[in-house]
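The file my_file.txt comes next; it holds compact mmCIF, C-alpha atoms.
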```txt
# COMPACT_ATOMS: atom_id res chain seq x y z
CA MET A 1 106.05 119.36 129.05
CA GLN A 2 108.55 117.52 126.89
CA MET A 3 109.64 118.88 123.51
CA LYS A 4 110.30 116.30 120.81
CA GLU A 5 112.01 117.24 117.59
CA TYR A 6 111.34 115.97 114.09
CA ASP A 7 112.19 117.00 110.56
CA VAL A 8 108.60 116.66 109.44
CA VAL A 9 105.39 116.47 111.43
CA ILE A 10 102.48 114.95 109.52
CA VAL A 11 99.01 115.70 110.84
CA GLY A 12 96.72 112.90 109.67
CA GLY A 13 97.39 109.19 109.35
CA GLY A 14 95.33 108.15 106.36
CA PRO A 15 96.78 106.95 103.07
CA ALA A 16 98.11 110.44 102.22
CA GLY A 17 99.84 110.95 105.57
CA LEU A 18 101.20 107.42 105.77
CA THR A 19 102.54 107.58 102.22
CA ALA A 20 104.26 110.88 102.95
CA GLY A 21 105.71 109.32 106.11
CA ILE A 22 106.99 106.28 104.23
CA TYR A 23 108.76 108.45 101.61
CA LEU A 24 110.25 110.84 104.17
CA ALA A 25 111.40 108.18 106.61
CA ARG A 26 112.98 106.25 103.77
CA ALA A 27 114.84 109.46 102.92
CA LYS A 28 116.24 109.35 106.48
CA GLN A 29 114.08 112.15 107.84
CA ARG A 30 112.77 112.05 111.39
CA VAL A 31 109.01 111.81 110.94
CA LEU A 32 106.07 112.00 113.30
CA ILE A 33 102.58 111.05 112.11
CA LEU A 34 99.80 112.27 114.40
CA ASP A 35 96.18 111.33 113.98
CA GLN A 36 93.32 112.68 116.03
CA GLY A 37 91.39 109.45 115.45
CA MET A 38 92.37 106.01 114.20
CA VAL A 39 95.40 105.78 111.93
CA GLY A 40 94.15 104.63 108.54
CA GLY A 41 91.65 107.37 107.82
CA GLN A 42 88.53 106.85 105.78
CA VAL A 43 90.04 103.82 104.06
CA ILE A 44 89.33 101.68 107.12
CA LEU A 45 85.66 102.39 106.44
CA THR A 46 85.91 100.56 103.11
CA HIS A 47 84.95 96.93 103.17
CA ALA A 48 86.62 95.92 99.95
CA VAL A 49 89.26 97.73 97.93
CA ALA A 50 89.33 96.10 94.51
CA ASN A 51 91.00 98.73 92.35
CA TYR A 52 94.24 99.49 94.16
CA PRO A 53 96.88 98.63 91.54
CA GLY A 54 99.18 95.76 92.34
CA LEU A 55 97.10 94.32 95.14
CA PRO A 56 94.34 91.73 95.03
CA GLU A 57 91.02 92.72 96.58
CA LEU A 58 91.48 93.35 100.29
CA SER A 59 89.71 95.20 103.06
CA GLY A 60 90.40 98.85 103.72
CA TYR A 61 91.46 97.83 107.22
CA GLN A 62 94.08 95.46 105.80
CA LEU A 63 95.38 98.08 103.39
CA ALA A 64 95.61 100.74 106.09
CA SER A 65 97.29 98.30 108.49
CA THR A 66 99.90 97.44 105.85
CA MET A 67 100.60 101.12 105.17
CA ARG A 68 100.91 101.79 108.90
CA LYS A 69 103.33 98.88 109.32
CA GLN A 70 105.41 100.16 106.39
CA ALA A 71 105.61 103.61 107.97
CA LEU A 72 106.63 102.13 111.32
CA ASP A 73 109.18 99.81 109.71
CA PHE A 74 110.83 102.76 107.96
CA GLY A 75 111.13 104.51 111.31
CA CYS A 76 108.16 106.85 111.55
CA ASP A 77 106.69 107.55 114.96
CA VAL A 78 102.94 107.02 114.60
CA LEU A 79 100.44 108.20 117.20
CA SER A 80 96.67 107.79 117.05
CA ASN A 81 93.83 109.34 119.06
CA VAL A 82 95.95 112.39 119.80
CA GLY A 83 94.16 115.55 120.82
CA ILE A 84 95.90 118.56 119.25
CA LEU A 85 95.50 121.55 121.55
CA GLU A 86 97.31 124.17 119.51
CA PHE A 87 99.91 124.70 116.82
CA ASP A 88 102.09 127.42 115.38
CA PHE A 89 103.26 127.13 111.78
CA LYS A 90 104.23 130.78 111.26
CA LYS A 91 107.99 130.53 111.63
CA ARG A 92 110.67 128.28 110.21
CA ASP A 93 110.34 126.00 113.25
CA LYS A 94 106.79 124.75 113.54
CA TYR A 95 105.14 123.56 116.73
CA VAL A 96 102.29 121.22 117.55
CA ARG A 97 101.14 120.87 121.14
CA THR A 98 99.04 117.99 122.42
CA GLU A 99 97.73 117.25 125.91
CA THR A 100 101.00 115.63 126.93
CA GLU A 101 103.73 116.63 124.50
CA GLU A 102 105.04 119.42 122.33
CA TYR A 103 106.55 118.63 118.94
CA ARG A 104 108.82 120.75 116.78
CA GLY A 105 109.19 120.15 113.06
CA SER A 106 110.92 122.01 110.25
CA ALA A 107 108.10 121.17 107.86
CA VAL A 108 104.50 120.10 108.28
CA ILE A 109 102.20 118.08 106.06
CA ILE A 110 98.49 118.45 106.69
CA ALA A 111 96.69 115.27 105.66
CA VAL A 112 93.68 115.33 107.93
CA GLY A 113 91.22 113.99 105.37
CA GLY A 114 87.51 114.32 105.84
CA GLU A 115 84.61 112.87 107.77
CA PRO A 116 81.10 111.80 106.82
CA ARG A 117 78.86 114.81 106.59
CA LYS A 118 75.94 114.73 109.01
CA LEU A 119 72.61 116.48 108.81
CA GLY A 120 73.33 118.13 112.14
CA LEU A 121 69.98 117.40 113.72
CA GLU A 122 69.67 116.76 117.46
CA SER A 123 67.49 113.73 116.76
CA GLU A 124 70.15 112.36 114.40
CA LYS A 125 72.79 112.29 117.13
CA ARG A 126 70.40 110.87 119.72
CA LEU A 127 69.26 107.98 117.54
CA GLN A 128 72.60 106.99 116.03
CA GLY A 129 72.92 103.25 116.51
CA LYS A 130 69.22 103.07 117.29
CA GLY A 131 68.00 103.29 113.73
CA ILE A 132 70.30 105.89 112.23
CA SER A 133 73.39 104.58 110.51
CA TYR A 134 76.16 105.70 108.18
CA CYS A 135 77.19 102.19 107.14
CA ALA A 136 74.87 99.97 105.10
CA THR A 137 77.13 96.94 105.14
CA CYS A 138 77.46 97.14 108.93
CA ASP A 139 73.88 97.63 109.95
CA GLY A 140 71.70 96.69 106.96
CA ASP A 141 70.71 93.31 108.34
CA PHE A 142 69.09 94.89 111.40
CA PHE A 143 66.34 96.13 109.08
CA THR A 144 65.37 92.92 107.33
CA GLY A 145 61.78 93.12 106.14
CA GLU A 146 61.37 96.70 107.41
CA ASP A 147 60.77 100.10 105.82
CA ILE A 148 63.75 102.44 105.82
CA VAL A 149 64.96 105.69 104.27
CA VAL A 150 68.21 106.60 102.61
CA VAL A 151 69.24 110.26 102.64
CA GLY A 152 71.41 111.60 99.81
CA GLY A 153 71.62 111.68 96.05
CA GLY A 154 75.22 110.89 95.11
CA ASN A 155 76.87 107.63 94.20
CA SER A 156 77.11 106.40 97.79
CA ALA A 157 73.42 107.00 98.51
CA LEU A 158 72.30 105.41 95.24
CA GLU A 159 74.58 102.37 95.47
CA GLU A 160 73.95 101.77 99.16
CA ALA A 161 70.18 102.09 98.63
CA VAL A 162 70.38 99.31 96.06
CA SER A 163 72.50 97.17 98.40
CA LEU A 164 70.02 97.73 101.25
CA THR A 165 67.19 96.28 99.15
CA LYS A 166 68.71 92.88 100.07
CA TYR A 167 67.29 93.46 103.54
CA ALA A 168 64.61 96.15 103.59
CA ARG A 169 61.01 95.72 102.49
CA LYS A 170 60.79 99.24 101.10
CA ILE A 171 63.25 102.11 100.79
CA THR A 172 62.44 105.78 100.40
CA LEU A 173 65.37 107.74 99.02
CA ILE A 174 65.22 111.37 100.15
CA HIS A 175 67.26 113.91 98.23
CA GLN A 176 67.29 117.67 98.45
CA PHE A 177 67.69 118.42 94.74
CA ASP A 178 65.56 117.59 91.69
CA HIS A 179 68.31 115.47 90.16
CA PHE A 180 70.95 113.01 91.36
CA GLN A 181 74.69 113.66 91.45
CA GLY A 182 75.69 110.04 90.84
CA TYR A 183 77.01 108.23 87.82
CA ALA A 184 74.44 107.26 85.19
CA HIS A 185 74.79 103.54 85.94
CA ALA A 186 74.19 104.11 89.66
CA ILE A 187 71.09 106.22 88.96
CA LYS A 188 69.78 103.65 86.50
CA ALA A 189 70.25 100.78 88.95
CA ALA A 190 68.42 102.62 91.72
CA GLU A 191 65.59 103.75 89.46
CA ALA A 192 65.14 100.22 88.15
CA ASN A 193 64.79 98.72 91.60
CA PRO A 194 61.12 98.20 92.50
CA LYS A 195 61.80 98.44 96.24
CA ILE A 196 63.08 102.04 96.00
CA ASN A 197 60.80 105.09 96.01
CA PHE A 198 62.12 108.61 95.53
CA MET A 199 61.37 111.87 97.29
CA LEU A 200 63.25 114.60 95.45
CA GLU A 201 63.50 118.25 96.43
CA SER A 202 62.97 117.20 100.02
CA ASP A 203 64.79 117.81 103.29
CA VAL A 204 64.75 115.80 106.50
CA GLU A 205 63.48 118.03 109.29
CA LYS A 206 63.50 115.60 112.15
CA PHE A 207 63.92 111.97 113.09
CA ILE A 208 61.05 110.69 115.18
CA GLY A 209 61.36 108.23 118.06
CA SER A 210 62.45 108.14 121.66
CA GLN A 211 64.15 104.78 122.28
CA SER A 212 64.61 103.94 118.60
CA LEU A 213 63.74 105.41 115.21
CA GLU A 214 60.07 105.26 114.31
CA GLY A 215 59.78 107.74 111.47
CA VAL A 216 61.20 110.65 109.54
CA MET A 217 59.66 114.09 109.14
CA VAL A 218 60.33 115.38 105.63
CA ARG A 219 59.53 118.71 104.05
CA GLN A 220 59.15 118.88 100.29
CA LYS A 221 59.91 122.11 98.48
CA GLY A 222 56.74 124.06 97.77
CA ASN A 223 54.77 122.16 100.37
CA ASN A 224 54.18 123.83 103.73
CA ASP A 225 53.06 120.71 105.53
CA PRO A 226 55.78 118.25 106.44
CA ILE A 227 55.26 114.57 105.64
CA ASN A 228 55.90 111.84 108.19
CA ILE A 229 57.35 108.67 106.73
CA ARG A 230 57.24 105.54 108.85
CA ALA A 231 60.71 104.07 108.99
CA THR A 232 62.72 102.09 111.50
CA GLY A 233 66.01 102.79 109.78
CA ALA A 234 67.69 105.81 108.19
CA PHE A 235 70.98 105.57 106.33
CA ILE A 236 72.68 108.89 105.68
CA PHE A 237 75.07 109.33 102.76
CA ILE A 238 75.45 113.04 102.05
CA GLY A 239 79.14 113.23 101.31
CA TYR A 240 82.23 114.16 103.23
CA THR A 241 83.46 117.37 104.73
CA PRO A 242 87.17 118.23 105.12
CA SER A 243 88.43 118.16 108.71
CA THR A 244 90.24 121.46 108.31
CA GLY A 245 88.39 123.69 110.78
CA MET A 246 91.39 124.03 113.06
CA PHE A 247 93.58 125.29 110.20
CA LYS A 248 91.37 128.21 109.29
CA GLY A 249 93.51 131.34 109.32
CA CYS A 250 96.69 129.29 109.22
CA VAL A 251 96.62 128.21 105.57
CA ALA A 252 94.37 129.39 102.77
CA LEU A 253 91.12 127.44 102.48
CA ASN A 254 88.45 127.69 99.83
CA GLU A 255 84.75 128.28 100.52
CA ARG A 256 84.24 124.56 101.19
CA GLY A 257 87.01 124.47 103.78
CA GLU A 258 89.43 122.62 101.49
CA ILE A 259 93.11 123.53 101.70
CA ILE A 260 94.38 125.37 98.65
CA ALA A 261 97.69 123.88 97.56
CA ASP A 262 99.73 124.10 94.36
CA GLU A 263 100.81 121.18 92.20
CA ASP A 264 103.72 120.52 94.56
CA MET A 265 101.20 120.38 97.46
CA ALA A 266 102.63 123.59 98.94
CA THR A 267 100.07 125.67 100.84
CA SER A 268 99.98 129.43 101.34
CA ARG A 269 102.27 128.98 104.36
CA PRO A 270 105.99 128.25 103.66
CA GLY A 271 107.00 124.81 104.87
CA VAL A 272 103.41 123.64 105.23
CA PHE A 273 102.16 121.13 102.68
CA ALA A 274 98.76 119.53 102.18
CA ALA A 275 97.81 116.08 100.92
CA GLY A 276 94.76 113.91 100.54
CA ASP A 277 91.04 114.55 100.83
CA ALA A 278 91.44 117.75 102.86
CA ARG A 279 93.01 119.42 99.80
CA ARG A 280 91.03 121.22 97.12
CA LYS A 281 90.72 118.74 94.27
CA LYS A 282 88.19 117.07 92.08
CA TYR A 283 88.77 113.35 92.62
CA ARG A 284 89.11 111.67 95.99
CA GLN A 285 90.37 108.11 95.84
CA ILE A 286 92.93 106.12 97.83
CA THR A 287 95.21 106.29 94.84
CA THR A 288 94.92 110.08 94.57
CA ALA A 289 95.63 110.40 98.31
CA VAL A 290 98.75 108.27 97.88
CA ASN A 291 99.75 110.47 94.95
CA ASP A 292 99.32 113.61 97.07
CA GLY A 293 101.30 112.10 99.93
CA THR A 294 104.19 111.25 97.64
CA ILE A 295 104.34 114.73 96.13
CA ALA A 296 103.97 116.45 99.52
CA ALA A 297 106.85 114.37 100.88
CA LEU A 298 109.07 115.23 97.94
CA GLY A 299 108.05 118.87 98.23
CA ALA A 300 108.89 118.86 101.92
CA LEU A 301 112.27 117.26 101.21
CA GLU A 302 113.07 119.98 98.70
CA TYR A 303 111.96 122.64 101.18
CA LEU A 304 114.15 121.17 103.92
CA SER A 305 117.18 121.15 101.63
CA GLN A 306 116.92 124.87 100.92
CA MET B 1 84.99 82.31 115.86
CA THR B 2 87.25 85.21 116.88
CA LEU B 3 88.01 88.67 115.55
CA PRO B 4 91.48 89.50 114.18
CA THR B 5 92.24 92.22 116.73
CA ASN B 6 94.98 92.53 119.31
CA LEU B 7 92.45 92.33 122.13
CA LYS B 8 91.74 89.22 124.14
CA HIS B 9 88.73 87.45 122.68
CA ILE B 10 85.68 85.83 124.18
CA GLU B 11 84.64 82.76 122.23
CA THR B 12 81.88 81.18 124.25
CA GLU B 13 78.94 82.24 126.38
CA ALA B 14 80.39 80.25 129.28
CA GLU B 15 83.65 82.16 129.01
CA LEU B 16 81.75 85.45 128.96
CA LYS B 17 79.66 84.56 131.99
CA SER B 18 82.71 83.37 133.88
CA LEU B 19 84.55 86.61 133.14
CA ILE B 20 81.76 88.93 134.20
CA GLY B 21 81.05 86.76 137.21
CA ASN B 22 84.63 86.81 138.42
CA SER B 23 85.82 90.29 137.46
CA GLU B 24 84.77 93.62 138.89
CA ASN B 25 85.09 95.67 135.72
CA VAL B 26 84.62 94.27 132.23
CA MET B 27 84.23 96.00 128.87
CA VAL B 28 83.09 93.80 125.98
CA CYS B 29 82.84 95.05 122.42
CA CYS B 30 80.69 92.74 120.33
CA GLY B 31 81.06 93.50 116.64
CA ARG B 32 82.49 92.64 113.26
CA MET B 33 85.56 93.89 111.42
CA GLY B 34 83.67 96.82 109.94
CA PRO B 35 84.08 100.57 109.90
CA MET B 36 81.95 101.24 112.95
CA CYS B 37 83.65 98.53 115.02
CA VAL B 38 87.34 98.77 114.17
CA PRO B 39 87.82 102.24 115.73
CA VAL B 40 86.33 100.93 118.99
CA TYR B 41 88.71 97.96 119.07
CA GLY B 42 91.59 100.36 118.34
CA SER B 43 90.64 102.63 121.21
CA MET B 44 90.29 99.65 123.54
CA GLU B 45 93.74 98.38 122.55
CA GLU B 46 95.24 101.78 123.29
CA LEU B 47 93.44 102.16 126.60
CA GLU B 48 94.52 98.69 127.66
CA ALA B 49 98.13 99.39 126.65
CA SER B 50 98.16 102.74 128.46
CA GLY B 51 98.20 101.04 131.84
CA ASP B 52 95.65 103.53 133.16
CA TYR B 53 92.89 100.93 133.12
CA ASP B 54 94.57 97.88 134.58
CA HIS B 55 91.47 97.46 136.74
CA VAL B 56 89.37 96.80 133.62
CA GLU B 57 89.21 93.61 131.56
CA PHE B 58 88.99 94.51 127.86
CA ARG B 59 87.54 91.90 125.49
CA ASP B 60 85.99 91.59 122.07
CA MET B 61 83.48 89.07 120.81
CA ALA B 62 82.36 88.19 117.29
CA PHE B 63 78.84 89.54 116.80
CA ASP B 64 77.85 86.70 114.50
CA SER B 65 78.92 83.97 116.87
CA PRO B 66 75.93 82.04 118.25
CA ASP B 67 77.48 82.51 121.69
CA ALA B 68 77.15 86.27 121.34
CA GLU B 69 73.40 85.86 121.70
CA TYR B 70 73.87 86.61 125.40
CA ILE B 71 75.06 90.13 124.50
CA ARG B 72 72.65 90.61 121.60
CA ASP B 73 69.68 89.71 123.80
CA LEU B 74 70.52 91.82 126.82
CA PRO B 75 67.57 94.06 127.75
CA GLU B 76 69.95 97.03 127.68
CA CYS B 77 70.62 96.29 123.99
CA LYS B 78 67.06 95.70 122.87
CA ASN B 79 66.81 99.01 120.97
CA PHE B 80 70.26 98.75 119.44
CA ARG B 81 70.37 98.67 115.65
CA GLY B 82 74.00 99.38 114.93
CA ILE B 83 77.18 97.47 115.60
CA PRO B 84 79.21 97.20 117.69
CA PHE B 85 77.24 96.54 120.86
CA THR B 86 79.60 97.62 123.63
CA VAL B 87 78.70 96.58 127.14
CA TYR B 88 80.32 97.63 130.42
CA PHE B 89 79.81 95.15 133.27
CA LYS B 90 80.34 96.21 136.90
CA ASP B 91 80.23 93.43 139.49
CA GLY B 92 78.47 91.14 137.07
CA LYS B 93 75.76 93.59 136.07
CA VAL B 94 75.39 95.84 133.05
CA ALA B 95 76.47 99.31 134.06
CA ARG B 96 76.26 100.86 130.61
CA ALA B 97 75.77 99.79 127.00
CA THR B 98 76.32 101.67 123.75
CA SER B 99 75.48 101.02 120.12
CA SER B 100 77.49 101.91 117.00
CA ILE B 101 80.84 103.67 116.82
CA GLN B 102 82.22 105.42 119.90
CA MET B 103 85.29 107.60 119.89
CA LYS B 104 88.10 107.13 122.42
CA GLU B 105 86.98 110.19 124.36
CA GLN B 106 83.47 108.80 124.75
CA ILE B 107 84.79 105.41 125.86
CA THR B 108 87.17 107.04 128.34
CA GLU B 109 84.32 109.09 129.79
CA ILE B 110 82.24 105.95 130.32
CA LEU B 111 85.16 104.00 131.80
CA ASN B 112 85.91 106.82 134.21
CA GLY B 113 82.25 107.14 135.08
CA VAL B 114 81.21 103.55 135.67
CA PHE B 115 84.45 101.93 136.83
```

Could you render the structure from this file as structure tokens?
Amino acid sequence: MQMKEYDVVIVGGGPAGLTAGIYLARAKQRVLILDQGMVGGQVILTHAVANYPGLPELSGYQLASTMRKQALDFGCDVLSNVGILEFDFKKRDKYVRTETEEYRGSAVIIAVGGEPRKLGLESEKRLQGKGISYCATCDGDFFTGEDIVVVGGGNSALEEAVSLTKYARKITLIHQFDHFQGYAHAIKAAEANPKINFMLESDVEKFIGSQSLEGVMVRQKGNNDPINIRATGAFIFIGYTPSTGMFKGCVALNERGEIIADEDMATSRPGVFAAGDARRKKYRQITTAVNDGTIAALGALEYLSQ
Amino acid sequence: MTLPTNLKHIETEAELKSLIGNSENVMVCCGRMGPMCVPVYGSMEELEASGDYDHVEFRDMAFDSPDAEYIRDLPECKNFRGIPFTVYFKDGKVARATSSIQMKEQITEILNGVF
């Protein structure tokens, strides 16, 4: 197996990782950006980015592609769909091993981001693409004139439920708590929409259907008998979970699996920095990921100069 | 109507039929430029560039093109309710079809299995 050497290895190729790469490569560091999926991160899931300063409205795909090109143009090596088999960040030299290569870096930036949280039901996995979806703008039009459910109670669930009323005949919004976690304007818009019904304090137990979704079994708190709702579509928006499982025991994580880092993005492990949505923080935006990536890069540069 | 990817595109139904009629192994991803589709195109681009699948023709097709009706109406896709519709043709026949996002590992497993 070949060993390739870099000054900094960045794990994760979303806005945080790409920004860190751009800063480091511009500072003449040898940089590798590895992503276990598509380079671009969650931003490629965004249809329109309208509030990124200095740029007119553009798609998340366009923004991510531009960032990737910038990183490549400054000299970063960028690899996507890389399966990381193991790593060792304990010593001054840090190692990452993939199926085909081994990489050594003097510093590491973890910018693995997060992924849409799933309910974790067997029937959910089986019926994905056959009624169950995580993207309203992609799949909404398949359910024109039909009855569907939306699962979740945050901004995404509320806003996407309203957007799905363009297509669906009726929407039942299922949420596990007795109140919503969204902004007041999002709650108001959903509550004002006559096509949306609400089932609060309720959990999805099972999705029903063999070849495609036919209904949803829901259990309401305080009610022993589950309720079957007829629905041909189910859109799930229950937040994101940090993709940090593999780093457990390597750097300090909080109870939600988020990496604990200081204001310079330094983790509990010397020479290992964190940036982006995988880090413990309150606000997760493209701009805050870019901010994290910048600081992590500068922190790594300072570390390398010591 | 074509998609802005680095894959070769299929624009017409005639082109599609000609390809699957004249090629042993064809993978067609029929989608839009959305979050569920883009990762599939990306994986296809990488698999095509790897050289490990030179025996497979990789193509995309715009889901909203009228000519994509051939894919949309395939019996194997009748229960699909999520884009992209990805269809694997072996000797002119549908060998496998998937709906919604697929990761590179899943695509590789299908390619290795059916081709």

### Task
Measure the distance from CA of Lys125 (chain A) to CA of Asp60 (chain B) in Å and round it to one decimal.
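It comes out at 25.0 Å.
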
#### Entry: At most 9 Å to chain A: residues in chain B, only C-alpha atoms, as a ChimeraX atom specification
/B:32-39,42-43,46,79-84,98-101,103-105

## Note on the structure
What separates CA of Ser305 (chain A) and CA of Pro270 (chain A) is a distance of 13.4 Å

### Point-to-point distance from CA of Leu298 (chain A) to CA of Met265 (chain A), Å rounded to tenths
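Atom-to-atom, CA of Leu298 (chain A) and CA of Met265 (chain A) are spaced 9.4 Å apart.
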
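Comparing B:Cys30, B:Val40, B:Leu74, B:Leu16 by their smallest distance to Met61 (chain B), the closest is B:Cys30 (using only C-alpha atoms).
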
### Message
Report as a list in words all protein, DNA and RNA residues lying within 12 Å of Arg92 (chain A), evaluated on only C-alpha atoms, omitting residues in the same chain fewer than 5 positions from it.
### Response
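What passes the distance filter is Asp7, Val8, Arg104, Gly105, Ser106, Ala107, Val108, Arg269, Pro270, Gly271, Val272, Tyr303, Leu304 and Gln306 of chain A.
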
Can I get the selected residues back with C-alpha atoms, as a CSV table (one decimal), in the coordinates of the input?
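This is the output file again.csv:
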```csv
chain,number,residue,atom,x,y,z
A,7,ASP,CA,112.2,117.0,110.6
A,8,VAL,CA,108.6,116.7,109.4
A,104,ARG,CA,108.8,120.8,116.8
A,105,GLY,CA,109.2,120.2,113.1
A,106,SER,CA,110.9,122.0,110.2
A,107,ALA,CA,108.1,121.2,107.9
A,108,VAL,CA,104.5,120.1,108.3
A,269,ARG,CA,102.3,129.0,104.4
A,270,PRO,CA,106.0,128.2,103.7
A,271,GLY,CA,107.0,124.8,104.9
A,272,VAL,CA,103.4,123.6,105.2
A,303,TYR,CA,112.0,122.6,101.2
A,304,LEU,CA,114.2,121.2,103.9
A,306,GLN,CA,116.9,124.9,100.9
```

### Task
Mind checking which residues fall within 12 Å of Ile33 (chain A), counting only C-alpha atoms, ignoring those fewer than 6 positions away in the same chain, and posting them as a ChimeraX atom specification?
/A:6-22,24-25,39-40,68,71-72,75-82,96,103,105,108-112

C-alpha atoms of the current selection, written as a PDB file, in the coordinates of the input:
```pdb
ATOM      1  CA  TYR A   6     111.340 115.970 114.090  1.00  0.00           C
ATOM      2  CA  ASP A   7     112.190 117.000 110.560  1.00  0.00           C
ATOM      3  CA  VAL A   8     108.600 116.660 109.440  1.00  0.00           C
ATOM      4  CA  VAL A   9     105.390 116.470 111.430  1.00  0.00           C
ATOM      5  CA  ILE A  10     102.480 114.950 109.520  1.00  0.00           C
ATOM      6  CA  VAL A  11      99.010 115.700 110.840  1.00  0.00           C
ATOM      7  CA  GLY A  12      96.720 112.900 109.670  1.00  0.00           C
ATOM      8  CA  GLY A  13      97.390 109.190 109.350  1.00  0.00           C
ATOM      9  CA  GLY A  14      95.330 108.150 106.360  1.00  0.00           C
ATOM     10  CA  PRO A  15      96.780 106.950 103.070  1.00  0.00           C
ATOM     11  CA  ALA A  16      98.110 110.440 102.220  1.00  0.00           C
ATOM     12  CA  GLY A  17      99.840 110.950 105.570  1.00  0.00           C
ATOM     13  CA  LEU A  18     101.200 107.420 105.770  1.00  0.00           C
ATOM     14  CA  THR A  19     102.540 107.580 102.220  1.00  0.00           C
ATOM     15  CA  ALA A  20     104.260 110.880 102.950  1.00  0.00           C
ATOM     16  CA  GLY A  21     105.710 109.320 106.110  1.00  0.00           C
ATOM     17  CA  ILE A  22     106.990 106.280 104.230  1.00  0.00           C
ATOM     18  CA  LEU A  24     110.250 110.840 104.170  1.00  0.00           C
ATOM     19  CA  ALA A  25     111.400 108.180 106.610  1.00  0.00           C
ATOM     20  CA  VAL A  39      95.400 105.780 111.930  1.00  0.00           C
ATOM     21  CA  GLY A  40      94.150 104.630 108.540  1.00  0.00           C
ATOM     22  CA  ARG A  68     100.910 101.790 108.900  1.00  0.00           C
ATOM     23  CA  ALA A  71     105.610 103.610 107.970  1.00  0.00           C
ATOM     24  CA  LEU A  72     106.630 102.130 111.320  1.00  0.00           C
ATOM     25  CA  GLY A  75     111.130 104.510 111.310  1.00  0.00           C
ATOM     26  CA  CYS A  76     108.160 106.850 111.550  1.00  0.00           C
ATOM     27  CA  ASP A  77     106.690 107.550 114.960  1.00  0.00           C
ATOM     28  CA  VAL A  78     102.940 107.020 114.600  1.00  0.00           C
ATOM     29  CA  LEU A  79     100.440 108.200 117.200  1.00  0.00           C
ATOM     30  CA  SER A  80      96.670 107.790 117.050  1.00  0.00           C
ATOM     31  CA  ASN A  81      93.830 109.340 119.060  1.00  0.00           C
ATOM     32  CA  VAL A  82      95.950 112.390 119.800  1.00  0.00           C
ATOM     33  CA  VAL A  96     102.290 121.220 117.550  1.00  0.00           C
ATOM     34  CA  TYR A 103     106.550 118.630 118.940  1.00  0.00           C
ATOM     35  CA  GLY A 105     109.190 120.150 113.060  1.00  0.00           C
ATOM     36  CA  VAL A 108     104.500 120.100 108.280  1.00  0.00           C
ATOM     37  CA  ILE A 109     102.200 118.080 106.060  1.00  0.00           C
ATOM     38  CA  ILE A 110      98.490 118.450 106.690  1.00  0.00           C
ATOM     39  CA  ALA A 111      96.690 115.270 105.660  1.00  0.00           C
ATOM     40  CA  VAL A 112      93.680 115.330 107.930  1.00  0.00           C
TER      41      VAL A 112
END
```

### Task
Considering only C-alpha atoms, state which residue in the set A:Glu99, A:Gly113, A:Phe247, A:Lys4 is at the smallest distance from Gln285 (chain A).
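Looking only at the distances to Gln285 (chain A), the closest residue turns out to be A:Gly113.
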
### Task
Extract, using only C-alpha atoms, all DNA, RNA and protein residues at most 8 Å from Ile208 (chain A), discarding same-chain residues fewer than 3 positions from it, and format them as a VMD selection string.
chain A and resid 123 213 to 217

### Task
Name all residues at most 7 Å from Lys90 (chain B) (count all atoms listed in the file; drop same-chain ones fewer than 6 positions away) and give them as a PyMOL selection string.
chain B and resi 24-26
